Amino acid sequence: MPEDNRTSSARYDGEPDTGGDFTDEFAAIVYDDIMRRVNGQTDARLYDDGIMFVKYQLTLSCTVQRIGESHGNYSAEMLYILTHPTFDEPLCEYASGIGSTAEEAIINGAEQFTAAVLLSIFSAFDSVGECSIVSEFAGRTRTFKCSDDPAVYVIGADFGGEPDMFGYIKSELPDYFGSKNAYWIKLYAVCYDGKISGEVRINGAVMFELSEKLRRYAMNWRDKNSFHSEKQFVLLLDKEPSGDVNCAPPELVIDITKHAIDLFTDVTDDESERRACAKLKELCGMWTQLTAEMFALIPDLFTCVLLGVKQGDGLKLHIGDALVKLKRSQLRDFGYIEQGVIQYLAENQVPDELAYNVMCMGSVMDAVSTAVSNGAELERIGIKELTAFLPGNYELL
């Protein structure tokens with residue numbers, strides 16, 4: 001199915017691969033183009049590593065990841081990283097463009113990023129809060145403001161209605177918000193030749209149940225045989241952002257996750273499991289809640305990613321004798337742990353016997369084995385909620 005790949009969510013995983021010595025030269029083209037496009041809308045200033053949008057205290061940096069050429073046409077892929085004093089993590093987006101020259105491809109990509117992403121972010125900061133979402137988490141009520149009229153970018157045939165993806169899922173979102181100060185929502189739906197798909201990401205991580213709901217939204221389109229796509233970006237900001245939370249940086253969580261998997265591949269009995277847990281505690285240091293989360297979640301996430309087990313958005317946390325039900329986006333480090341697992345499996349060919357050691361530490365492997373032995377096909381097996389057993393002194397952050 002054709003896909004509109006001009007912008008796509010990125011997960012923050014440390015320093016990006018620059019892709020070549022041309023990066024600084026081409027990044028300067030990006031900055032010049034963005035400065036020109038936002039001129040008059042906000043006070044933007046160039047600095048050594050990018051652009052500062054003074055009004056919003058927002059900084060932007062860009063690396064050109066790839067330049068390609070085929071039959072005289074050029075393509076460019078760029079990674080944009082935005083930071084703000086109240087953001088819990090950098091906001092990262094890829095954007096791509098095509099053109100008859102490398103410079104034209106870069107400029108076209110910058111145009112798409114500015115229109116689809118950057119102006120959406122400005123709109124959220126400028127919002128007076130008429131469009132807001134109220135959520136409850138860990139005993140605190142939070143009110144998130146967003147753009148009063150988030151734009152939708154439509155490509156393709158007329159579908160016979162007014163696009164409103166955000167409005168379609170908005171009522172579900174309070175259940176997905178935790179203690180972070182900002183939530184970056186990306187919605188994408190597409191149909192072509194009768195095939196329909198939808199995807200919802202929150203802070204870069206796919207939300208499977210929301211994605212299925214968005215697919216049902218696209219089922220209402222009038223013409224499902226012609227190509228039609230909709231993309232929408234929405235930034236939600238806590239009206240009363242909290243101070244710093246004592247959490248490990250995202251890139252460190254991802255790195256520790258990869259080391260943890262290496263430790264878990266050697267777990268074959270109770271004694272080796274205790275040794276792995278002790279080493280994991282050393283890696284996590286002062287972040288004791290991270291040790292508990294990794295030990296509880298990594299084996300089952302590893303199983304789901306490796307075997308392609310479908311997942312829901314739910315989490316069941318057994319904290320001592322208490323049961324707490326959440327969405328995965330509400331657990332601060334969940335997305336980073338998941339990203340670490342995905343990256344590890346993309347970077348390593350894990351021998352079957354070592355992968356088995358990791359999977360046997362969790363409960364999903366038993367559920368999958370039972371389902372398969374009862375005649376279920378692996379590709380049809382799904383886990384609605386992941387379960388984690390955590391110590392009684394564990395605290396939600």
# chains A, B, ... in the order shown; residues from 1 in each chain; ligands from 1
call {"tool": "residues_around", "arguments": {"residues": "Thr143 of chain A", "least_positions_apart": "2", "cutoff": "12 Å", "atoms": "only C-alpha atoms", "output": "NGL selection string"}}
result
:A and (129-137 or 140-141 or 145-146 or 173-174 or 177-183 or 236-242)
call {"tool": "residues_around", "arguments": {"residues": "Gly99 of chain A", "least_positions_apart": "5", "cutoff": "12 Å", "atoms": "only C-alpha atoms", "output": "list in words"}}
result
Ile67, Gly68, Glu69, Ser70, His71, Gly72, Asn73, Tyr74, Ser75, Ala76, Glu77, Glu104, Ala105, Ile106, Ile107, Asn108 and Gly109 of chain A
call {"tool": "write_last_selection", "arguments": {"atoms": "C-alpha atoms", "output": "PDB file, in the first residue's frame"}}
result
ATOM      1  CA  ILE A  67      20.807  11.933   0.466  1.00  0.00           C
ATOM      2  CA  GLY A  68      19.881   9.598  -2.374  1.00  0.00           C
ATOM      3  CA  GLU A  69      19.838   9.898  -6.151  1.00  0.00           C
ATOM      4  CA  SER A  70      18.039   7.780  -8.726  1.00  0.00           C
ATOM      5  CA  HIS A  71      17.635   8.567 -12.413  1.00  0.00           C
ATOM      6  CA  GLY A  72      18.348  12.242 -11.858  1.00  0.00           C
ATOM      7  CA  ASN A  73      15.921  12.653  -8.951  1.00  0.00           C
ATOM      8  CA  TYR A  74      17.139  13.315  -5.419  1.00  0.00           C
ATOM      9  CA  SER A  75      15.667  12.360  -2.076  1.00  0.00           C
ATOM     10  CA  ALA A  76      16.623  13.648   1.360  1.00  0.00           C
ATOM     11  CA  GLU A  77      15.801  12.370   4.825  1.00  0.00           C
ATOM     12  CA  GLU A 104      15.687  21.162  -3.676  1.00  0.00           C
ATOM     13  CA  ALA A 105      14.918  17.849  -1.969  1.00  0.00           C
ATOM     14  CA  ILE A 106      16.112  19.248   1.363  1.00  0.00           C
ATOM     15  CA  ILE A 107      14.084  22.438   0.963  1.00  0.00           C
ATOM     16  CA  ASN A 108      10.946  20.474   0.052  1.00  0.00           C
ATOM     17  CA  GLY A 109      11.422  18.317   3.137  1.00  0.00           C
TER      18      GLY A 109
END
call {"tool": "select_by_dssp", "arguments": {"residues": "segment 123-205 of chain A", "states": "strand (DSSP E or B)", "output": "MDAnalysis selection string"}}
result
chainID A and resid 132:137 140:145 152:156 182:192 195:202 205
call {"tool": "closest_atom_pairs", "arguments": {"of": "segment 255-344 of chain A", "to": "segment 370-382 of chain A", "cutoff": "9 Å", "atoms": "only C-alpha atoms", "output": "CSV"}}
result
residue,atom,partner,partner_atom,distance
A:Cys304,CA,A:Gly382,CA,9.0
A:Leu307,CA,A:Leu378,CA,7.8
A:Gly308,CA,A:Glu379,CA,6.9
A:Val309,CA,A:Gly382,CA,5.6
A:Lys310,CA,A:Gly382,CA,4.3
A:Gln311,CA,A:Gly382,CA,5.6
A:Gly312,CA,A:Gly382,CA,7.6
call {"tool": "write_last_selection", "arguments": {"atoms": "N, CA and C atoms", "output": "mmCIF file, in the first residue's frame"}}
result
data_model
loop_
_atom_site.group_PDB
_atom_site.id
_atom_site.type_symbol
_atom_site.label_atom_id
_atom_site.label_comp_id
_atom_site.auth_asym_id
_atom_site.auth_seq_id
_atom_site.Cartn_x
_atom_site.Cartn_y
_atom_site.Cartn_z
ATOM 1 N N CYS A 304 7.186 -10.554 22.573
ATOM 2 C CA CYS A 304 6.205 -9.975 21.645
ATOM 3 C C CYS A 304 6.870 -9.465 20.372
ATOM 4 N N LEU A 307 8.535 -12.592 18.301
ATOM 5 C CA LEU A 307 7.572 -13.518 17.700
ATOM 6 C C LEU A 307 6.460 -12.811 16.941
ATOM 7 N N GLY A 308 6.416 -11.482 17.004
ATOM 8 C CA GLY A 308 5.370 -10.748 16.311
ATOM 9 C C GLY A 308 4.010 -10.891 16.968
ATOM 10 N N VAL A 309 3.989 -11.045 18.287
ATOM 11 C CA VAL A 309 2.721 -11.186 19.008
ATOM 12 C C VAL A 309 2.019 -9.835 19.070
ATOM 13 N N LYS A 310 0.766 -9.809 18.665
ATOM 14 C CA LYS A 310 -0.004 -8.564 18.702
ATOM 15 C C LYS A 310 -0.214 -8.134 20.154
ATOM 16 N N GLN A 311 -0.153 -6.819 20.380
ATOM 17 C CA GLN A 311 -0.291 -6.294 21.732
ATOM 18 C C GLN A 311 -1.434 -5.290 21.809
ATOM 19 N N GLY A 312 -2.031 -5.205 22.993
ATOM 20 C CA GLY A 312 -2.957 -4.129 23.292
ATOM 21 C C GLY A 312 -2.201 -2.988 23.934
#
call {"tool": "residues_around", "arguments": {"residues": "segment 291-294 of chain A", "least_positions_apart": "5", "cutoff": "7 Å", "atoms": "only C-alpha atoms", "output": "PyMOL selection string"}}
result
chain A and resi 280-281+284+390
call {"tool": "write_last_selection", "arguments": {"atoms": "N, CA and C atoms", "output": "PDB file, in the first residue's frame"}}
result
ATOM      1  N   LEU A 280      21.907  -5.880  36.998  1.00  0.00           N
ATOM      2  CA  LEU A 280      20.980  -4.867  36.494  1.00  0.00           C
ATOM      3  C   LEU A 280      20.819  -3.739  37.510  1.00  0.00           C
ATOM      4  N   LYS A 281      20.766  -4.074  38.789  1.00  0.00           N
ATOM      5  CA  LYS A 281      20.690  -3.042  39.827  1.00  0.00           C
ATOM      6  C   LYS A 281      21.896  -2.115  39.761  1.00  0.00           C
ATOM      7  N   CYS A 284      21.422   0.279  36.821  1.00  0.00           N
ATOM      8  CA  CYS A 284      20.378   1.290  37.039  1.00  0.00           C
ATOM      9  C   CYS A 284      20.746   2.275  38.141  1.00  0.00           C
ATOM     10  N   LEU A 390       5.724  -6.148  40.568  1.00  0.00           N
ATOM     11  CA  LEU A 390       6.667  -5.168  41.095  1.00  0.00           C
ATOM     12  C   LEU A 390       6.657  -5.205  42.620  1.00  0.00           C
TER      13      LEU A 390
END
call {"tool": "residues_around", "arguments": {"residues": "Gln41 of chain A", "least_positions_apart": "6", "cutoff": "12 Å", "atoms": "only C-alpha atoms", "output": "list in words"}}
result
Ile34, Met35, Phe53, Val54, Lys55, Tyr56, Leu118, Leu119, Phe122, Ser123 and Asp126 of chain A
call {"tool": "closest_residue", "arguments": {"among": "A:Pro90, A:Pro150, A:Ser229, A:Tyr31", "to": "Phe113 of chain A", "atoms": "only C-alpha atoms"}}
result
A:Tyr31
call {"tool": "closest_residue", "arguments": {"among": "A:Glu271, A:Asp300, A:Asp149, A:Asp193", "to": "Leu235 of chain A", "atoms": "only C-alpha atoms"}}
result
A:Asp149
call {"tool": "atom_distance", "arguments": {"atom1": "atom CA of Thr268 of chain A", "atom2": "atom CA of Leu306 of chain A"}}
result
19.2 Å
